[in-house]
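Heads up, structure-v7.txt below (compact mmCIF, C-alpha atoms):
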```
# COMPACT_ATOMS: atom_id res chain seq x y z
CA MET A 13 -13.30 13.49 12.90
CA VAL A 14 -11.25 10.89 11.03
CA GLU A 15 -7.73 11.89 10.00
CA TYR A 16 -7.29 11.40 6.24
CA VAL A 17 -4.36 13.72 5.49
CA VAL A 18 -1.16 14.41 7.44
CA SER A 19 1.63 16.87 6.67
CA LEU A 20 4.91 15.06 5.98
CA ASP A 21 6.74 17.21 8.52
CA LYS A 22 4.54 15.73 11.26
CA LEU A 23 5.49 12.12 10.40
CA GLY A 24 8.28 9.81 11.52
CA ASN A 25 9.22 6.14 11.55
CA HIS A 26 6.62 5.50 14.26
CA ASP A 27 3.87 6.28 11.69
CA VAL A 28 4.42 3.33 9.32
CA GLU A 29 1.06 1.70 10.11
CA ARG A 30 -0.72 5.04 9.78
CA VAL A 31 0.74 6.27 6.46
CA GLY A 32 3.02 3.55 5.08
CA GLY A 33 6.78 3.20 5.06
CA LYS A 34 7.60 5.67 2.28
CA ASN A 35 5.61 8.48 3.87
CA ALA A 36 6.98 7.76 7.34
CA SER A 37 10.52 7.79 5.92
CA LEU A 38 9.93 11.11 4.16
CA GLY A 39 8.73 12.57 7.45
CA GLU A 40 11.76 11.17 9.23
CA MET A 41 14.08 12.70 6.61
CA ILE A 42 12.39 16.09 6.93
CA SER A 43 12.78 15.98 10.72
CA ASN A 44 16.40 14.86 10.72
CA LEU A 45 17.91 16.40 7.61
CA ALA A 46 16.28 19.81 7.28
CA GLY A 47 18.24 21.10 10.26
CA ALA A 48 21.46 19.94 8.60
CA GLY A 49 20.70 21.99 5.50
CA VAL A 50 19.54 19.09 3.33
CA SER A 51 16.56 20.02 1.18
CA VAL A 52 13.73 17.50 1.48
CA PRO A 53 10.47 18.42 -0.28
CA GLY A 54 7.49 19.06 1.94
CA GLY A 55 4.05 17.72 1.25
CA PHE A 56 1.30 15.59 2.72
CA ALA A 57 0.25 11.97 2.95
CA THR A 58 -3.14 10.35 2.88
CA THR A 59 -3.62 7.85 5.67
CA ALA A 60 -4.28 4.14 5.56
CA GLN A 61 -7.68 4.93 7.09
CA ALA A 62 -8.44 7.14 4.08
CA TYR A 63 -7.73 4.16 1.82
CA ARG A 64 -9.89 1.79 3.87
CA ASP A 65 -12.78 4.27 4.04
CA PHE A 66 -12.50 4.99 0.30
CA LEU A 67 -12.86 1.28 -0.49
CA GLU A 68 -15.68 0.77 2.00
CA LEU A 69 -17.75 3.89 1.29
CA SER A 70 -17.46 3.49 -2.49
CA GLY A 71 -18.59 -0.14 -2.31
CA LEU A 72 -15.31 -1.26 -3.86
CA ASN A 73 -14.30 -3.43 -0.91
CA ASP A 74 -17.20 -5.85 -1.42
CA GLN A 75 -17.00 -5.57 -5.21
CA ILE A 76 -13.29 -6.43 -5.29
CA HIS A 77 -13.64 -9.30 -2.84
CA ALA A 78 -16.54 -10.77 -4.84
CA LEU A 79 -14.54 -10.63 -8.06
CA LEU A 80 -11.38 -12.10 -6.56
CA ASP A 81 -13.26 -14.81 -4.67
CA SER A 82 -14.60 -16.08 -8.00
CA LEU A 83 -11.12 -16.53 -9.52
CA GLY A 84 -8.73 -19.44 -9.53
CA VAL A 85 -5.20 -18.54 -8.45
CA ASP A 86 -3.73 -20.48 -11.37
CA ASP A 87 -5.70 -18.63 -14.06
CA VAL A 88 -3.18 -15.91 -14.90
CA ASN A 89 -5.29 -14.45 -17.71
CA ALA A 90 -8.36 -14.13 -15.48
CA LEU A 91 -6.23 -12.56 -12.74
CA ALA A 92 -4.77 -10.03 -15.18
CA LYS A 93 -8.25 -9.19 -16.47
CA ALA A 94 -9.52 -8.83 -12.90
CA GLY A 95 -6.60 -6.54 -12.05
CA ALA A 96 -7.45 -4.30 -15.00
CA GLN A 97 -11.11 -4.27 -13.97
CA ILE A 98 -10.26 -3.35 -10.37
CA ARG A 99 -7.94 -0.55 -11.48
CA GLN A 100 -10.75 0.85 -13.62
CA TRP A 101 -13.22 0.64 -10.74
CA VAL A 102 -10.78 2.57 -8.54
CA MET A 103 -10.26 5.22 -11.23
CA ASP A 104 -14.02 5.62 -11.72
CA ALA A 105 -14.91 5.80 -8.01
CA GLU A 106 -15.41 9.13 -6.29
CA PHE A 107 -13.65 10.04 -3.07
CA PRO A 108 -15.80 10.32 0.04
CA PRO A 109 -16.63 14.03 0.58
CA GLN A 110 -14.40 14.44 3.66
CA LEU A 111 -11.39 12.84 1.95
CA ASP A 112 -11.90 15.01 -1.13
CA ALA A 113 -12.15 18.15 1.01
CA ASP A 114 -9.12 17.21 3.13
CA ILE A 115 -6.92 16.56 0.07
CA ARG A 116 -8.02 19.81 -1.58
CA LYS A 117 -7.35 21.76 1.62
CA ALA A 118 -3.89 20.20 2.07
CA PHE A 119 -3.01 20.91 -1.56
CA ALA A 120 -4.20 24.53 -1.29
CA GLU A 121 -2.08 25.03 1.84
CA MET A 122 0.94 23.38 0.21
CA SER A 123 0.63 25.24 -3.09
CA GLY A 124 -0.09 28.66 -1.64
CA GLY A 125 -2.82 29.08 -4.26
CA ASN A 126 -0.63 28.06 -7.21
CA ASP A 127 -2.86 25.43 -8.85
CA ASN A 128 -0.23 24.86 -11.55
CA MET A 129 2.54 23.97 -9.10
CA ALA A 130 4.58 20.90 -10.11
CA VAL A 131 4.15 18.01 -7.68
CA ALA A 132 5.24 14.41 -7.37
CA VAL A 133 2.65 11.84 -6.32
CA ARG A 134 3.71 8.49 -4.89
CA SER A 135 1.54 5.55 -4.07
CA SER A 136 2.36 2.80 -1.61
CA LEU A 137 0.71 -0.47 -2.49
CA PRO A 138 -0.02 -3.17 0.04
CA PRO A 139 3.20 -5.21 0.32
CA LYS A 140 1.92 -8.59 -0.86
CA THR A 141 -0.56 -7.65 -3.56
CA CYS A 142 -1.98 -4.62 -5.29
CA LEU A 143 -5.32 -6.26 -6.01
CA MET A 144 -6.74 -6.97 -2.57
CA PRO A 145 -8.18 -4.33 -0.29
CA PRO A 146 -7.07 -4.69 3.31
CA SER A 147 -8.79 -7.10 5.62
CA PRO A 148 -8.58 -6.46 9.32
CA ALA A 149 -6.09 -9.23 10.03
CA SER A 150 -3.90 -9.93 7.05
CA ARG A 151 -3.27 -7.02 4.71
CA LYS A 152 -1.41 -3.77 5.06
CA PRO A 153 -3.12 -0.57 3.91
CA SER A 154 -2.10 1.71 1.10
CA SER A 155 -1.38 5.38 1.33
CA THR A 156 -0.31 8.20 -0.94
CA SER A 157 1.98 11.16 -0.52
CA VAL A 158 2.11 14.42 -2.43
CA ALA A 159 5.29 16.46 -2.30
CA TRP A 160 6.02 19.79 -3.90
CA THR A 161 9.05 20.17 -6.11
CA THR A 162 11.33 23.10 -6.72
```

Structure encoded using structure tokens:
Amino acid sequence: MVEYVVSLDKLGNHDVERVGGKNASLGEMISNLAGAGVSVPGGFATTAQAYRDFLELSGLNDQIHALLDSLGVDDVNALAKAGAQIRQWVMDAEFPPQLDADIRKAFAEMSGGNDNMAVAVRSSLPPKTCLMPPSPASRKPSSTSVAWTT
């Protein structure tokens, strides 16, 4: 089974490729600072594989590449319009069933059944661009973390 969600307390700096730098750093802080009495919110991260599978299984990977391949890099207006279109496609797409189930399970465990619990959601974009889905060789994946707040 593919791993789509990881608890922040199980992450460290060695997990940057798996969950992104922000999530790995949060895991590192939890590991190193909690014992010293520093309060670091718990939570979970979605993996880079979750992002890749979301784009692939939803058909967005091909759709985004086709749109971007048709653009000229100097046409700022067309690029801005394409960015808005891609964001809308992402918002309209459904999560693959396993990813949806894994996120819901992680949230239920984190919230203890309190569906109205306040949370912070962070997104890590690929470092060079937020428009392009990852290709095997050149782009870094995105990931998301959810942390509870007190």

Practice prompt. Pick out the residues sitting within 6 Å of region 25-42 of chain A, and hand them over as a PyMOL selection string; count only C-alpha atoms, and ignore anything fewer than 4 positions along from it in its own chain.
Written response: chain A and resi 20-21+46+52+59-60+155

Could you write out that same residue set with C-alpha atoms as a PDB file, in the coordinates of the input?
```pdb
ATOM      1  CA  LEU A  20       4.910  15.060   5.980  1.00  0.00           C
ATOM      2  CA  ASP A  21       6.740  17.210   8.520  1.00  0.00           C
ATOM      3  CA  ALA A  46      16.280  19.810   7.280  1.00  0.00           C
ATOM      4  CA  VAL A  52      13.730  17.500   1.480  1.00  0.00           C
ATOM      5  CA  THR A  59      -3.620   7.850   5.670  1.00  0.00           C
ATOM      6  CA  ALA A  60      -4.280   4.140   5.560  1.00  0.00           C
ATOM      7  CA  SER A 155      -1.380   5.380   1.330  1.00  0.00           C
TER       8      SER A 155
END
```

Item to complete: Starting from the point (-9.6, 7.2, 3.3), work out which residues of protein, DNA or RNA have an atom no more than 9 Å away when counting only C-alpha atoms; state them as a PyMOL selection string.
Response: chain A and resi 14-17+58-68+107-108+110-111+155

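In this comparison, which uses only C-alpha atoms, the residue of A:Leu91, A:Ala105, A:Val18, A:Met129 approaching Gly55 (chain A) most closely is A:Val18.
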
Practice prompt. Measure the distance from CA of Gln97 (chain A) to CA of Ile76 (chain A) in Å and round it to one decimal.
Written response: 9.2 Å

Worksheet item: What is the distance, in Å and to one decimal place, between CA of Lys93 (chain A) and CA of Ala132 (chain A)?
Response: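 About the pair CA of Lys93 (chain A) and CA of Ala132 (chain A): they are 28.7 Å apart.
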
Discussion item. Considering only C-alpha atoms, can you say which of A:Val50, A:Gly24, A:Phe56, A:Leu45 comes closest to Arg116 (chain A)?
Written reply: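 Ranking A:Val50, A:Gly24, A:Phe56, A:Leu45 by distance to Arg116 (chain A), first place goes to A:Phe56.
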
Worksheet item: So, counting only C-alpha atoms, which residue among A:Gly54, A:Ala48, A:Met103, A:Ala96 is closest to Leu23 (chain A)?
Response: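 Distance minimum relative to Leu23 (chain A) lands on A:Gly54.
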
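CA of Arg99 (chain A) lies 16.7 Å from CA of Leu69 (chain A).
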
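Shortest atom-to-atom contact with Leu79 (chain A) among A:Gly49, A:Ile98, A:Ala113, A:Val133: A:Ile98, counting all atoms listed in the file.
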
Item to complete: Give the answer as one residue: which of A:His77, A:Lys22, A:Glu106, A:Leu72 has the shortest atom-to-atom distance to Asn44 (chain A), using all atoms listed in the file?
Response: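 That would be A:Lys22, the residue with the smallest distance to Asn44 (chain A).
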
Coordinates of box centre and edge lengths for region 67-78 of chain A, 3 Å on every side, axis-aligned, as JSON:
```
{"center_x": -15.7, "center_y": -3.4, "center_z": -1.6, "size_x": 11.7, "size_y": 20.7, "size_z": 13.3}
```

Practice prompt. Rank A:Ala78, A:Ser19, A:Asn89, A:Met13 by their smallest atom-to-atom distance to Ile115 (chain A), using all atoms listed in the file, and report the top residue only.
Written response: A:Ser19

Can I get C-alpha atoms for region 39-109 of chain A, as a PDB file, in the first residue's frame?
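And here is the file that came out, selection-v4.pdb:
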```pdb
ATOM      1  CA  GLY A  39       9.070  16.644  12.516  1.00  0.00           C
ATOM      2  CA  GLU A  40      12.633  17.479  13.491  1.00  0.00           C
ATOM      3  CA  MET A  41      11.408  20.193  15.873  1.00  0.00           C
ATOM      4  CA  ILE A  42       8.915  17.821  17.483  1.00  0.00           C
ATOM      5  CA  SER A  43      11.650  15.221  17.995  1.00  0.00           C
ATOM      6  CA  ASN A  44      14.232  17.622  19.386  1.00  0.00           C
ATOM      7  CA  LEU A  45      12.231  20.258  21.228  1.00  0.00           C
ATOM      8  CA  ALA A  46       9.337  18.401  22.824  1.00  0.00           C
ATOM      9  CA  GLY A  47      11.682  16.782  25.336  1.00  0.00           C
ATOM     10  CA  ALA A  48      12.982  20.230  26.280  1.00  0.00           C
ATOM     11  CA  GLY A  49       9.472  21.421  27.106  1.00  0.00           C
ATOM     12  CA  VAL A  50       8.942  23.439  23.928  1.00  0.00           C
ATOM     13  CA  SER A  51       5.414  23.076  22.578  1.00  0.00           C
ATOM     14  CA  VAL A  52       5.368  22.171  18.885  1.00  0.00           C
ATOM     15  CA  PRO A  53       1.947  21.368  17.398  1.00  0.00           C
ATOM     16  CA  GLY A  54       1.412  17.818  16.251  1.00  0.00           C
ATOM     17  CA  GLY A  55      -0.231  16.908  12.994  1.00  0.00           C
ATOM     18  CA  PHE A  56       0.327  15.025   9.776  1.00  0.00           C
ATOM     19  CA  ALA A  57       1.786  15.545   6.330  1.00  0.00           C
ATOM     20  CA  THR A  58       0.722  14.297   2.950  1.00  0.00           C
ATOM     21  CA  THR A  59       3.578  12.810   0.976  1.00  0.00           C
ATOM     22  CA  ALA A  60       5.082  13.838  -2.321  1.00  0.00           C
ATOM     23  CA  GLN A  61       3.791  10.520  -3.685  1.00  0.00           C
ATOM     24  CA  ALA A  62       0.264  11.595  -2.731  1.00  0.00           C
ATOM     25  CA  TYR A  63       0.742  14.741  -4.822  1.00  0.00           C
ATOM     26  CA  ARG A  64       2.128  12.833  -7.803  1.00  0.00           C
ATOM     27  CA  ASP A  65      -0.653  10.235  -7.669  1.00  0.00           C
ATOM     28  CA  PHE A  66      -3.311  12.950  -7.295  1.00  0.00           C
ATOM     29  CA  LEU A  67      -2.078  14.654 -10.468  1.00  0.00           C
ATOM     30  CA  GLU A  68      -1.743  11.397 -12.385  1.00  0.00           C
ATOM     31  CA  LEU A  69      -4.984   9.687 -11.322  1.00  0.00           C
ATOM     32  CA  SER A  70      -7.067  12.837 -11.816  1.00  0.00           C
ATOM     33  CA  GLY A  71      -5.679  13.353 -15.318  1.00  0.00           C
ATOM     34  CA  LEU A  72      -4.288  16.734 -14.291  1.00  0.00           C
ATOM     35  CA  ASN A  73      -0.685  15.839 -15.062  1.00  0.00           C
ATOM     36  CA  ASP A  74      -1.351  15.472 -18.797  1.00  0.00           C
ATOM     37  CA  GLN A  75      -3.851  18.336 -18.814  1.00  0.00           C
ATOM     38  CA  ILE A  76      -1.405  20.759 -17.179  1.00  0.00           C
ATOM     39  CA  HIS A  77       1.495  19.737 -19.391  1.00  0.00           C
ATOM     40  CA  ALA A  78      -0.636  20.152 -22.528  1.00  0.00           C
ATOM     41  CA  LEU A  79      -1.700  23.639 -21.477  1.00  0.00           C
ATOM     42  CA  LEU A  80       1.788  24.782 -20.505  1.00  0.00           C
ATOM     43  CA  ASP A  81       3.403  23.270 -23.596  1.00  0.00           C
ATOM     44  CA  SER A  82       1.159  25.485 -25.729  1.00  0.00           C
ATOM     45  CA  LEU A  83       2.322  28.717 -24.058  1.00  0.00           C
ATOM     46  CA  GLY A  84       5.154  31.080 -24.829  1.00  0.00           C
ATOM     47  CA  VAL A  85       7.330  31.906 -21.826  1.00  0.00           C
ATOM     48  CA  ASP A  86       7.256  35.611 -22.683  1.00  0.00           C
ATOM     49  CA  ASP A  87       3.460  35.888 -22.733  1.00  0.00           C
ATOM     50  CA  VAL A  88       2.869  36.957 -19.135  1.00  0.00           C
ATOM     51  CA  ASN A  89      -0.883  37.389 -19.590  1.00  0.00           C
ATOM     52  CA  ALA A  90      -1.288  33.894 -21.037  1.00  0.00           C
ATOM     53  CA  LEU A  91       0.852  32.453 -18.233  1.00  0.00           C
ATOM     54  CA  ALA A  92      -1.261  34.209 -15.588  1.00  0.00           C
ATOM     55  CA  LYS A  93      -4.450  32.958 -17.234  1.00  0.00           C
ATOM     56  CA  ALA A  94      -3.022  29.429 -17.405  1.00  0.00           C
ATOM     57  CA  GLY A  95      -2.060  29.603 -13.731  1.00  0.00           C
ATOM     58  CA  ALA A  96      -5.612  30.562 -12.799  1.00  0.00           C
ATOM     59  CA  GLN A  97      -6.979  27.742 -14.963  1.00  0.00           C
ATOM     60  CA  ILE A  98      -4.647  25.182 -13.379  1.00  0.00           C
ATOM     61  CA  ARG A  99      -5.561  26.317  -9.863  1.00  0.00           C
ATOM     62  CA  GLN A 100      -9.234  25.876 -10.742  1.00  0.00           C
ATOM     63  CA  TRP A 101      -8.607  22.408 -12.167  1.00  0.00           C
ATOM     64  CA  VAL A 102      -6.848  21.417  -8.937  1.00  0.00           C
ATOM     65  CA  MET A 103      -9.689  22.805  -6.814  1.00  0.00           C
ATOM     66  CA  ASP A 104     -12.287  20.943  -8.898  1.00  0.00           C
ATOM     67  CA  ALA A 105     -10.466  17.591  -8.958  1.00  0.00           C
ATOM     68  CA  GLU A 106     -11.362  14.835  -6.525  1.00  0.00           C
ATOM     69  CA  PHE A 107      -8.769  13.068  -4.413  1.00  0.00           C
ATOM     70  CA  PRO A 108      -8.081   9.428  -5.244  1.00  0.00           C
ATOM     71  CA  PRO A 109     -10.125   7.256  -2.831  1.00  0.00           C
TER      72      PRO A 109
END
```
